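Visitor: Structure file target_16.cif (mmCIF, C-alpha atoms) is given on the next line.
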data_model
loop_
_atom_site.label_atom_id
_atom_site.label_comp_id
_atom_site.auth_asym_id
_atom_site.auth_seq_id
_atom_site.Cartn_x
_atom_site.Cartn_y
_atom_site.Cartn_z
CA MET A 81 80.90 -17.82 6.14
CA ILE A 82 82.74 -18.02 2.83
CA THR A 83 84.27 -21.37 1.90
CA ILE A 84 86.87 -21.71 -0.86
CA LEU A 85 87.86 -25.25 -1.77
CA GLY A 86 89.72 -26.95 -4.58
CA PRO A 87 92.23 -29.66 -5.39
CA THR A 88 95.91 -29.30 -4.63
CA ALA A 89 97.74 -26.70 -6.76
CA SER A 90 94.50 -24.99 -7.82
CA GLY A 91 95.37 -21.60 -6.30
CA LYS A 92 92.68 -21.61 -3.61
CA THR A 93 94.86 -20.06 -0.89
CA SER A 94 95.88 -17.07 -2.99
CA LEU A 95 92.21 -16.56 -3.89
CA ALA A 96 91.16 -16.70 -0.23
CA VAL A 97 93.83 -14.12 0.65
CA ALA A 98 92.68 -11.81 -2.14
CA VAL A 99 89.06 -12.09 -0.98
CA ALA A 100 90.05 -11.40 2.64
CA GLN A 101 91.93 -8.27 1.57
CA ALA A 102 89.04 -7.05 -0.61
CA LEU A 103 86.45 -7.23 2.18
CA PRO A 104 85.59 -4.05 4.12
CA PRO A 105 87.86 -3.64 7.17
CA THR A 106 86.61 -4.51 10.65
CA PRO A 107 85.52 -1.80 13.12
CA GLN A 108 89.02 -2.08 14.59
CA GLY A 109 90.53 -1.26 11.19
CA THR A 110 92.00 -4.74 10.60
CA CYS A 111 91.65 -6.86 7.46
CA GLY A 112 88.02 -7.73 6.82
CA GLY A 113 88.60 -11.43 6.32
CA GLU A 114 90.45 -14.12 8.27
CA ILE A 115 91.28 -17.56 6.93
CA ILE A 116 90.58 -20.85 8.67
CA SER A 117 92.65 -23.62 7.12
CA ALA A 118 91.00 -26.90 6.15
CA ASP A 119 94.13 -28.96 5.60
CA SER A 120 94.72 -32.14 7.57
CA ARG A 121 98.53 -31.88 7.38
CA GLN A 122 99.21 -28.16 7.80
CA VAL A 123 98.21 -28.40 11.46
CA TYR A 124 101.69 -29.80 12.21
CA ARG A 125 104.59 -27.55 13.17
CA ARG A 126 107.91 -27.78 11.28
CA MET A 127 106.25 -29.75 8.49
CA ASP A 128 106.28 -26.74 6.20
CA ILE A 129 107.65 -27.60 2.77
CA GLY A 130 106.10 -31.06 2.69
CA THR A 131 102.63 -29.75 3.47
CA GLY A 132 102.92 -26.70 1.21
CA LYS A 133 102.10 -24.09 3.83
CA ASP A 134 103.59 -21.19 1.83
CA LEU A 135 102.91 -18.86 4.77
CA GLY A 136 104.26 -15.87 2.85
CA GLU A 137 101.25 -16.23 0.58
CA TYR A 138 98.98 -14.88 3.34
CA GLN A 139 100.47 -11.37 3.03
CA GLY A 140 99.53 -10.34 6.56
CA VAL A 141 96.02 -11.84 6.50
CA SER A 142 95.31 -13.64 9.78
CA TYR A 143 95.11 -17.43 9.50
CA HIS A 144 94.00 -20.16 11.89
CA LEU A 145 94.53 -23.93 12.43
CA ILE A 146 98.03 -23.97 10.97
CA ASP A 147 100.99 -24.99 13.19
CA ILE A 148 98.79 -25.99 16.12
CA CYS A 149 100.24 -29.38 17.09
CA GLU A 150 103.51 -31.28 17.19
CA PRO A 151 104.78 -33.75 14.58
CA GLY A 152 104.36 -37.33 15.70
CA THR A 153 100.89 -36.72 17.07
CA LYS A 154 97.77 -37.82 15.20
CA TYR A 155 95.39 -34.91 14.83
CA ASN A 156 91.87 -36.02 13.94
CA LEU A 157 88.51 -34.87 12.66
CA PHE A 158 86.97 -34.65 16.13
CA GLN A 159 89.71 -32.22 17.21
CA TYR A 160 89.47 -30.25 13.99
CA GLN A 161 85.74 -29.72 14.30
CA GLN A 162 86.13 -28.26 17.80
CA ASP A 163 89.17 -26.15 16.85
CA PHE A 164 87.31 -24.83 13.82
CA PHE A 165 84.30 -23.84 15.90
CA ASN A 166 86.50 -22.01 18.40
CA ALA A 167 88.31 -20.07 15.65
CA TYR A 168 85.08 -19.36 13.78
CA THR A 169 83.39 -17.98 16.90
CA ASP A 170 86.42 -15.85 17.77
CA ILE A 171 86.55 -14.33 14.27
CA LEU A 172 82.86 -13.45 14.34
CA GLN A 173 83.16 -11.84 17.78
CA ARG A 174 85.85 -9.51 16.42
CA GLY A 175 83.64 -8.45 13.52
CA ALA A 176 85.66 -10.13 10.78
CA GLN A 177 84.53 -12.47 7.99
CA PRO A 178 85.56 -16.13 8.40
CA ILE A 179 86.89 -17.71 5.20
CA LEU A 180 87.29 -21.48 5.32
CA CYS A 181 89.93 -22.54 2.79
CA GLY A 182 91.48 -25.90 1.99
CA GLY A 183 91.39 -29.18 0.17
CA THR A 184 90.54 -31.71 2.90
CA GLY A 185 86.96 -32.37 1.89
CA LEU A 186 86.16 -34.40 4.99
CA TYR A 187 87.11 -31.51 7.28
CA ILE A 188 85.14 -29.01 5.20
CA GLU A 189 82.04 -31.17 5.03
CA ALA A 190 82.19 -31.95 8.74
CA VAL A 191 81.90 -28.28 9.72
CA LEU A 192 79.43 -27.30 7.00
CA ARG A 193 77.07 -30.15 7.79
CA GLY A 194 77.71 -30.29 11.53
CA TYR A 195 78.94 -33.87 11.83
CA GLN A 196 78.09 -35.41 15.19
CA LEU A 197 81.26 -37.09 16.38
CA SER A 198 82.62 -38.84 19.43
CA PRO A 199 86.24 -38.93 20.55
CA VAL A 200 87.48 -42.37 19.54
CA PRO A 201 90.05 -44.10 21.78
CA GLN A 202 92.61 -46.51 20.38
CA ASN A 203 91.62 -50.19 20.23
CA PRO A 204 94.82 -52.24 20.81
CA GLU A 205 93.08 -55.56 20.18
CA LEU A 206 91.67 -54.39 16.84
CA ARG A 207 95.02 -52.90 15.83
CA SER A 208 96.76 -56.18 16.62
CA ARG A 209 94.32 -58.09 14.40
CA LEU A 210 94.79 -55.67 11.52
CA GLU A 211 98.58 -55.47 11.73
CA GLY A 212 100.25 -56.88 8.63
CA LYS A 213 97.26 -56.49 6.32
CA THR A 214 97.82 -54.68 3.05
CA LEU A 215 96.33 -51.28 2.24
CA LYS A 216 94.05 -52.97 -0.31
CA GLU A 217 92.73 -55.42 2.29
CA LEU A 218 92.22 -52.64 4.83
CA THR A 219 90.46 -50.44 2.27
CA GLN A 220 88.04 -53.27 1.48
CA MET A 221 87.30 -53.72 5.19
CA LEU A 222 86.77 -49.99 5.57
CA SER A 223 84.37 -49.90 2.61
CA ALA A 224 82.31 -52.69 4.17
CA LEU A 225 82.16 -50.87 7.52
CA LYS A 226 81.15 -47.60 5.84
CA ALA A 227 78.35 -49.39 3.99
CA GLN A 228 77.17 -50.94 7.25
CA ASN A 229 77.26 -47.59 9.06
CA GLY A 230 75.88 -45.54 6.18
CA SER A 231 78.99 -43.40 6.68
CA THR A 232 80.37 -40.74 4.33
CA MET A 233 83.59 -40.40 6.32
CA HIS A 234 87.03 -41.67 5.38
CA ASN A 235 87.18 -41.31 1.63
CA THR A 236 90.41 -42.64 0.13
CA THR A 237 91.56 -39.00 -0.13
CA ASP A 238 93.10 -39.26 3.34
CA VAL A 239 93.36 -43.03 3.79
CA ASP A 240 96.52 -43.55 1.78
CA SER A 241 98.60 -45.72 4.11
CA PRO A 242 97.92 -48.84 6.22
CA GLN A 243 98.28 -46.82 9.44
CA ARG A 244 95.65 -44.30 8.38
CA ALA A 245 93.36 -47.07 7.11
CA ILE A 246 93.61 -48.87 10.45
CA ARG A 247 92.71 -45.67 12.28
CA ALA A 248 89.73 -45.17 9.97
CA ILE A 249 88.55 -48.74 10.64
CA GLU A 250 89.01 -48.09 14.35
CA ILE A 251 86.79 -45.00 14.13
CA GLU A 252 84.11 -46.67 12.02
CA THR A 253 84.06 -49.67 14.37
CA TYR A 254 83.73 -47.43 17.42
CA ASN A 255 80.94 -45.39 15.86
CA MET A 256 79.05 -48.58 15.00
CA GLU A 257 79.30 -49.77 18.61
CA HIS A 258 78.69 -46.32 20.18
CA PRO A 259 76.06 -44.65 17.98
CA THR A 260 75.18 -41.85 20.40
CA PRO A 261 77.45 -38.82 19.88
CA LEU A 262 79.13 -37.27 22.90
CA ARG A 263 79.29 -33.83 21.31
CA GLU A 264 77.16 -31.91 18.85
CA LEU A 265 78.19 -28.79 16.97
CA PRO A 266 75.80 -26.94 14.68
CA PRO A 267 76.19 -26.88 10.90
CA VAL A 268 77.67 -23.65 9.55
CA ASP A 269 75.86 -21.62 6.93
CA SER A 270 78.29 -20.88 4.12
CA LEU A 271 78.53 -19.76 0.53
CA THR A 272 80.88 -22.32 -0.96
CA PHE A 273 83.12 -21.73 -3.96
CA GLY A 274 85.31 -24.22 -5.78
CA VAL A 275 88.36 -23.42 -7.87
CA ASP A 276 87.88 -25.28 -11.15
CA ILE A 277 91.25 -26.01 -12.73
CA GLY A 278 91.68 -28.04 -15.91
CA ARG A 279 93.19 -31.49 -15.57
CA ASP A 280 96.24 -30.81 -17.77
CA GLU A 281 97.01 -27.49 -16.09
CA ARG A 282 96.58 -29.06 -12.65
CA ARG A 283 98.98 -31.87 -13.51
CA ALA A 284 101.57 -29.42 -14.87
CA LYS A 285 101.35 -27.25 -11.74
CA ILE A 286 101.64 -30.28 -9.46
CA THR A 287 104.81 -31.46 -11.19
CA LYS A 288 106.35 -27.98 -11.21
CA ARG A 289 105.52 -27.45 -7.55
CA LEU A 290 106.92 -30.84 -6.54
CA LYS A 291 110.23 -30.06 -8.24
CA ALA A 292 110.34 -26.67 -6.50
CA ARG A 293 109.67 -28.16 -3.07
CA LEU A 294 112.37 -30.75 -3.47
CA ASP A 295 114.78 -27.98 -4.52
CA GLU A 296 113.70 -25.98 -1.43
CA GLY A 297 114.81 -28.80 0.85
CA MET A 298 111.88 -31.11 1.46
CA ALA A 299 114.22 -34.05 2.07
CA ASP A 300 116.21 -31.97 4.58
CA GLU A 301 112.96 -31.13 6.34
CA VAL A 302 112.25 -34.84 6.75
CA ARG A 303 115.82 -35.48 7.95
CA ALA A 304 115.42 -32.75 10.57
CA LEU A 305 112.18 -34.28 11.86
CA LEU A 306 113.79 -37.71 12.11
CA ALA A 307 116.80 -36.17 13.87
CA GLU A 308 114.60 -34.65 16.56
CA GLY A 309 113.22 -38.10 17.35
CA ILE A 310 110.04 -38.33 15.28
CA ALA A 311 109.53 -42.02 14.49
CA PRO A 312 109.70 -42.93 10.78
CA ASP A 313 106.33 -44.69 11.05
CA ASP A 314 104.78 -41.45 12.27
CA LEU A 315 106.02 -39.61 9.20
CA LEU A 316 104.87 -42.44 6.94
CA TYR A 317 101.43 -42.10 8.57
CA TYR A 318 101.05 -38.58 7.21
CA GLY A 319 101.14 -39.91 3.65
CA LEU A 320 102.01 -38.29 0.32
CA GLU A 321 105.19 -36.18 0.52
CA PHE A 322 106.14 -37.40 3.97
CA LYS A 323 105.55 -41.03 3.10
CA TYR A 324 107.62 -41.07 -0.08
CA VAL A 325 110.36 -38.67 0.98
CA THR A 326 110.84 -40.53 4.28
CA GLU A 327 111.30 -43.78 2.38
CA TYR A 328 113.89 -42.03 0.19
CA VAL A 329 115.71 -40.52 3.19
CA LEU A 330 115.81 -43.95 4.84
CA GLY A 331 117.44 -45.38 1.72
CA ARG A 332 114.51 -47.58 0.72
CA THR A 333 114.12 -45.91 -2.70
CA THR A 334 116.25 -43.85 -5.05
CA PHE A 335 115.58 -40.18 -5.72
CA ASP A 336 114.16 -40.91 -9.17
CA GLU A 337 111.91 -43.69 -7.84
CA MET A 338 110.69 -41.39 -5.07
CA PHE A 339 109.97 -38.55 -7.48
CA ARG A 340 108.05 -40.70 -9.96
CA SER A 341 106.00 -42.44 -7.28
CA LEU A 342 105.23 -39.24 -5.41
CA GLU A 343 104.28 -37.39 -8.57
CA ILE A 344 101.78 -40.12 -9.46
CA ALA A 345 100.44 -40.21 -5.90
CA ILE A 346 99.79 -36.45 -5.85
CA HIS A 347 98.01 -36.62 -9.21
CA GLN A 348 95.84 -39.42 -7.84
CA PHE A 349 95.25 -37.46 -4.65
CA ALA A 350 94.00 -34.42 -6.59
CA LYS A 351 91.63 -36.63 -8.55
CA ARG A 352 90.25 -38.10 -5.33
CA GLN A 353 89.79 -34.60 -3.91
CA MET A 354 87.59 -33.72 -6.89
CA THR A 355 85.64 -36.95 -6.37
CA TRP A 356 84.97 -35.91 -2.76
CA PHE A 357 83.84 -32.42 -3.79
CA ARG A 358 81.43 -33.88 -6.34
CA GLY A 359 80.14 -36.13 -3.59
CA MET A 360 79.55 -33.09 -1.39
CA GLU A 361 77.38 -31.66 -4.15
CA ARG A 362 75.37 -34.89 -4.35
CA ARG A 363 74.93 -34.73 -0.58
CA GLY A 364 73.33 -31.29 -0.80
CA ILE A 365 76.17 -28.76 -0.56
CA THR A 366 76.03 -26.20 -3.37
CA ILE A 367 79.47 -25.37 -4.76
CA HIS A 368 79.81 -22.38 -7.08
CA TRP A 369 82.69 -23.27 -9.39
CA ILE A 370 85.06 -20.53 -10.54
CA ASP A 371 87.41 -20.93 -13.48
CA ALA A 372 90.98 -20.97 -12.15
CA ALA A 373 92.20 -19.40 -15.41
CA LEU A 374 90.31 -16.15 -14.79
CA PRO A 375 92.27 -13.09 -13.60
CA MET A 376 92.38 -12.82 -9.82
CA GLU A 377 90.27 -9.65 -9.86
CA ALA A 378 87.50 -11.44 -11.76
CA LYS A 379 87.50 -14.39 -9.36
CA VAL A 380 87.34 -12.09 -6.34
CA GLU A 381 84.53 -10.08 -7.93
CA GLN A 382 82.48 -13.25 -8.48
CA ILE A 383 82.77 -14.17 -4.82
CA LEU A 384 82.09 -10.70 -3.45
CA CYS A 385 79.11 -10.27 -5.75
CA ALA A 386 77.63 -13.59 -4.62
CA THR A 387 78.09 -12.70 -0.96
CA THR A 388 76.45 -9.27 -1.24
CA CYS A 389 73.64 -10.00 -3.71
#
Now, as a test, write the supplied structure out as structure tokens.

Guide:
Amino acid sequence: MITILGPTASGKTSLAVAVAQALPPTPQGTCGGEIISADSRQVYRRMDIGTGKDLGEYQGVSYHLIDICEPGTKYNLFQYQQDFFNAYTDILQRGAQPILCGGTGLYIEAVLRGYQLSPVPQNPELRSRLEGKTLKELTQMLSALKAQNGSTMHNTTDVDSPQRAIRAIEIETYNMEHPTPLRELPPVDSLTFGVDIGRDERRAKITKRLKARLDEGMADEVRALLAEGIAPDDLLYYGLEFKYVTEYVLGRTTFDEMFRSLEIAIHQFAKRQMTWFRGMERRGITIHWIDAALPMEAKVEQILCATTC
């Protein structure tokens, strides 16, 4: 498999599409590569602008694990690992090249290393005890549980709200009490490439993209989800754009306050993504970094050369 990862706004999706198009066609004459998304928020339908799906960017290349569940539900790593394996197997059976692409490091590492996971039920008693605690308090509790479990799951990349932190604590607590996994999936052999974008350029692209998404109607997208009956707390759970824009739509913040806070949060998120990727390298996953500033043809050539040499 080919894996292409990188922080938000690094251009990883356009690179994955270009690689897919450059691969030799399948025996059926279809595009040689198919993309499996590794994004924890793009799985939700009708959450398009806020999650940055940019589906037109795929230019006819087949993609998987986007728009696979309804807003308001809480998709998780256990489900993703199984859905990935199903898509990966299907792509191979049709003679195409799977390309895993995204920025959710936990999802990527889970499939590359073959995390052994159990489905974790909700724990109402634990949730009741944790209700009302601040994100800082919950994060400290989570860190202690991770240290006790020796766990590499639940980096702060995706634990950016009290609801998500409580779920992470719930999972870590369950895994500590039920150490035997109920399902095992094999690790996936992959050549892994990272898009290396400079900090200043990344920040500029994040700000420009945020302005564009707000102009495209991100607030209206949130209003439409609320209008169809999605609970505000469910949207807040998804974090980042949906957290801050929902608070703005509900009248809890002004537009300027929302923009400033969200801009800072996305910059922090990108930094945490890079921290996770560096951690993956320390944990034994080799990432071949490619300069984002290179022409697309040069980036594609680097990847194709590495996969054929």

Visitor: Find the spatial neighbours of stretch 100-108 of chain A, counting all atoms listed in the file, within a cut-off of 8 Å - ignore same-chain residues fewer than 3 positions away - and output them as number ranges by chain.

Guide: A: 96-97, 111-115, 141, 174-177, 179, 380, 384

Visitor: Give the answer as one residue: which of A:Leu315, A:Ala299, A:Val200, A:Val191 has the shortest atom-to-atom distance to A:Glu264, using all atoms listed in the file?

Guide: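 Of A:Leu315, A:Ala299, A:Val200, A:Val191, the one nearest A:Glu264 is A:Val191, counting all atoms listed in the file.
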
Visitor: Just to confirm, what's the straight-line distance from atom CA of A:Pro204 to atom CA of A:Glu250 in Å (one decimal)?

Guide: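 Atom CA of A:Pro204 sits 9.6 Å away from atom CA of A:Glu250.
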
Visitor: Take the PyMOL selection byres ((chain A and resi 190) around 12), run it mentally on this structure, and tell me the resulting residues as JSON, numbers by chain.

Guide: {"A": [118, 156, 157, 158, 159, 160, 161, 162, 164, 165, 184, 185, 186, 187, 188, 189, 191, 192, 193, 194, 195, 196, 197, 232, 233, 234, 264, 265, 266, 267, 268, 360, 365]}

Visitor: Would you mind exporting the chosen residues as a PDB file, in the frame of the given file, restricted to C-alpha atoms?

Guide:
ATOM      1  CA  ALA A 118      91.000 -26.900   6.150  1.00  0.00           C
ATOM      2  CA  ASN A 156      91.870 -36.020  13.940  1.00  0.00           C
ATOM      3  CA  LEU A 157      88.510 -34.870  12.660  1.00  0.00           C
ATOM      4  CA  PHE A 158      86.970 -34.650  16.130  1.00  0.00           C
ATOM      5  CA  GLN A 159      89.710 -32.220  17.210  1.00  0.00           C
ATOM      6  CA  TYR A 160      89.470 -30.250  13.990  1.00  0.00           C
ATOM      7  CA  GLN A 161      85.740 -29.720  14.300  1.00  0.00           C
ATOM      8  CA  GLN A 162      86.130 -28.260  17.800  1.00  0.00           C
ATOM      9  CA  PHE A 164      87.310 -24.830  13.820  1.00  0.00           C
ATOM     10  CA  PHE A 165      84.300 -23.840  15.900  1.00  0.00           C
ATOM     11  CA  THR A 184      90.540 -31.710   2.900  1.00  0.00           C
ATOM     12  CA  GLY A 185      86.960 -32.370   1.890  1.00  0.00           C
ATOM     13  CA  LEU A 186      86.160 -34.400   4.990  1.00  0.00           C
ATOM     14  CA  TYR A 187      87.110 -31.510   7.280  1.00  0.00           C
ATOM     15  CA  ILE A 188      85.140 -29.010   5.200  1.00  0.00           C
ATOM     16  CA  GLU A 189      82.040 -31.170   5.030  1.00  0.00           C
ATOM     17  CA  VAL A 191      81.900 -28.280   9.720  1.00  0.00           C
ATOM     18  CA  LEU A 192      79.430 -27.300   7.000  1.00  0.00           C
ATOM     19  CA  ARG A 193      77.070 -30.150   7.790  1.00  0.00           C
ATOM     20  CA  GLY A 194      77.710 -30.290  11.530  1.00  0.00           C
ATOM     21  CA  TYR A 195      78.940 -33.870  11.830  1.00  0.00           C
ATOM     22  CA  GLN A 196      78.090 -35.410  15.190  1.00  0.00           C
ATOM     23  CA  LEU A 197      81.260 -37.090  16.380  1.00  0.00           C
ATOM     24  CA  THR A 232      80.370 -40.740   4.330  1.00  0.00           C
ATOM     25  CA  MET A 233      83.590 -40.400   6.320  1.00  0.00           C
ATOM     26  CA  HIS A 234      87.030 -41.670   5.380  1.00  0.00           C
ATOM     27  CA  GLU A 264      77.160 -31.910  18.850  1.00  0.00           C
ATOM     28  CA  LEU A 265      78.190 -28.790  16.970  1.00  0.00           C
ATOM     29  CA  PRO A 266      75.800 -26.940  14.680  1.00  0.00           C
ATOM     30  CA  PRO A 267      76.190 -26.880  10.900  1.00  0.00           C
ATOM     31  CA  VAL A 268      77.670 -23.650   9.550  1.00  0.00           C
ATOM     32  CA  MET A 360      79.550 -33.090  -1.390  1.00  0.00           C
ATOM     33  CA  ILE A 365      76.170 -28.760  -0.560  1.00  0.00           C
TER      34      ILE A 365
END

Visitor: Just give me the residues with any atom within 10 Å of (92.4, -52.5, 2.0), file coordinates, counting all atoms listed in the file, written as a list in words.

Guide: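 Nearby residues: Lys213, Thr214, Leu215, Lys216, Glu217, Leu218, Thr219, Gln220, Met221, Leu222, Ser223, Val239, Asp240, Ser241, Pro242, Ala245 and Ile246 of chain A.
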
Visitor: Could you take the residues named above and write them with C-alpha atoms, as a PDB file, in the coordinates of the input?

Guide:
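This went into result.pdb:
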ATOM      1  CA  LYS A 213      97.260 -56.490   6.320  1.00  0.00           C
ATOM      2  CA  THR A 214      97.820 -54.680   3.050  1.00  0.00           C
ATOM      3  CA  LEU A 215      96.330 -51.280   2.240  1.00  0.00           C
ATOM      4  CA  LYS A 216      94.050 -52.970  -0.310  1.00  0.00           C
ATOM      5  CA  GLU A 217      92.730 -55.420   2.290  1.00  0.00           C
ATOM      6  CA  LEU A 218      92.220 -52.640   4.830  1.00  0.00           C
ATOM      7  CA  THR A 219      90.460 -50.440   2.270  1.00  0.00           C
ATOM      8  CA  GLN A 220      88.040 -53.270   1.480  1.00  0.00           C
ATOM      9  CA  MET A 221      87.300 -53.720   5.190  1.00  0.00           C
ATOM     10  CA  LEU A 222      86.770 -49.990   5.570  1.00  0.00           C
ATOM     11  CA  SER A 223      84.370 -49.900   2.610  1.00  0.00           C
ATOM     12  CA  VAL A 239      93.360 -43.030   3.790  1.00  0.00           C
ATOM     13  CA  ASP A 240      96.520 -43.550   1.780  1.00  0.00           C
ATOM     14  CA  SER A 241      98.600 -45.720   4.110  1.00  0.00           C
ATOM     15  CA  PRO A 242      97.920 -48.840   6.220  1.00  0.00           C
ATOM     16  CA  ALA A 245      93.360 -47.070   7.110  1.00  0.00           C
ATOM     17  CA  ILE A 246      93.610 -48.870  10.450  1.00  0.00           C
TER      18      ILE A 246
END

Visitor: What residues come out when you apply the PyMOL selection byres ((chain A and resi 348) around 12) to this file, written as a list in words?

Guide: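 Evaluating the PyMOL selection byres ((chain A and resi 348) around 12) on these coordinates yields Pro87, Thr88, Thr236, Thr237, Asp238, Asp240, Arg279, Arg282, Arg283, Ile286, Leu320, Ser341, Leu342, Glu343, Ile344, Ala345, Ile346, His347, Phe349, Ala350, Lys351, Arg352, Gln353, Met354 and Thr355 of chain A.
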
Visitor: Would you pick out the contacts of A:Leu225 at 9 Å or less, using all atoms listed in the file, so that residues sharing its chain but fewer than 4 positions from it are not included, and give the list as a PyMOL selection string?

Guide: chain A and resi 220-221+229-231+249+252-253+256

Visitor: Store the residues picked out above, limited to C-alpha atoms, as a short mmCIF file (atom, residue, chain, number, x, y, z; two decimals), keeping the file's coordinate frame.

Guide:
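Generated output (result_31.cif):
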data_model
loop_
_atom_site.label_atom_id
_atom_site.label_comp_id
_atom_site.auth_asym_id
_atom_site.auth_seq_id
_atom_site.Cartn_x
_atom_site.Cartn_y
_atom_site.Cartn_z
CA GLN A 220 88.04 -53.27 1.48
CA MET A 221 87.30 -53.72 5.19
CA ASN A 229 77.26 -47.59 9.06
CA GLY A 230 75.88 -45.54 6.18
CA SER A 231 78.99 -43.40 6.68
CA ILE A 249 88.55 -48.74 10.64
CA GLU A 252 84.11 -46.67 12.02
CA THR A 253 84.06 -49.67 14.37
CA MET A 256 79.05 -48.58 15.00
#

Visitor: Work out how far atom CA of A:Gly130 is from atom CA of A:Glu321, in Å to one decimal.

Guide: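 Between these atoms lies a distance of 5.6 Å.
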
Visitor: Work out how far atom CA of A:Asp119 is from atom CA of A:Asp300, in Å to one decimal.

Guide: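 These atoms are spaced 22.3 Å apart.
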
Visitor: Which polymer residues have any atom within 8 Å of an atom of A:Ile146, counting only C-alpha atoms, with same-chain residues fewer than 5 positions away left out, as a PyMOL selection string?

Guide: chain A and resi 117+122-125

Visitor: My list of candidates is A:Lys285, A:Arg247, A:Arg121, A:Arg207. Which is closest to A:Gly91 when distances are computed with only C-alpha atoms?

Guide: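 Closest to A:Gly91, using only C-alpha atoms: A:Lys285.
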
Visitor: How about completing stretch 274-279 of chain A with all heavy atoms and giving it to me as a tab-separated table (two decimals), in the frame of the given file?

Guide:
chain	number	residue	atom	x	y	z
A	274	GLY	N	84.27	-23.28	-5.40
A	274	GLY	CA	85.31	-24.22	-5.78
A	274	GLY	C	86.15	-23.66	-6.90
A	274	GLY	O	85.64	-23.03	-7.82
A	275	VAL	N	87.46	-23.87	-6.82
A	275	VAL	CA	88.36	-23.42	-7.87
A	275	VAL	C	88.46	-24.55	-8.90
A	275	VAL	O	88.96	-25.64	-8.60
A	275	VAL	CB	89.75	-23.07	-7.32
A	275	VAL	CG1	90.65	-22.59	-8.44
A	275	VAL	CG2	89.64	-22.01	-6.23
A	276	ASP	N	87.97	-24.28	-10.09
A	276	ASP	CA	87.88	-25.28	-11.15
A	276	ASP	C	89.08	-25.15	-12.08
A	276	ASP	O	89.16	-24.24	-12.89
A	276	ASP	CB	86.58	-25.07	-11.93
A	276	ASP	CG	86.31	-26.19	-12.92
A	276	ASP	OD1	87.00	-27.22	-12.86
A	276	ASP	OD2	85.41	-26.02	-13.78
A	277	ILE	N	90.03	-26.05	-11.92
A	277	ILE	CA	91.25	-26.01	-12.73
A	277	ILE	C	91.25	-27.20	-13.68
A	277	ILE	O	90.90	-28.32	-13.29
A	277	ILE	CB	92.51	-26.01	-11.82
A	277	ILE	CG1	93.78	-25.87	-12.66
A	277	ILE	CG2	92.55	-27.23	-10.93
A	277	ILE	CD1	95.03	-25.64	-11.83
A	278	GLY	N	91.64	-26.97	-14.92
A	278	GLY	CA	91.68	-28.04	-15.91
A	278	GLY	C	92.67	-29.13	-15.53
A	278	GLY	O	93.69	-28.88	-14.89
A	279	ARG	N	92.37	-30.35	-15.95
A	279	ARG	CA	93.19	-31.49	-15.57
A	279	ARG	C	94.65	-31.32	-16.01
A	279	ARG	O	95.57	-31.55	-15.23
A	279	ARG	CB	92.61	-32.78	-16.17
A	279	ARG	CG	93.43	-34.04	-15.90
A	279	ARG	CD	92.75	-35.25	-16.54
A	279	ARG	NE	93.54	-36.46	-16.36
A	279	ARG	CZ	94.52	-36.85	-17.17
A	279	ARG	NH1	94.85	-36.09	-18.22
A	279	ARG	NH2	95.18	-37.97	-16.94
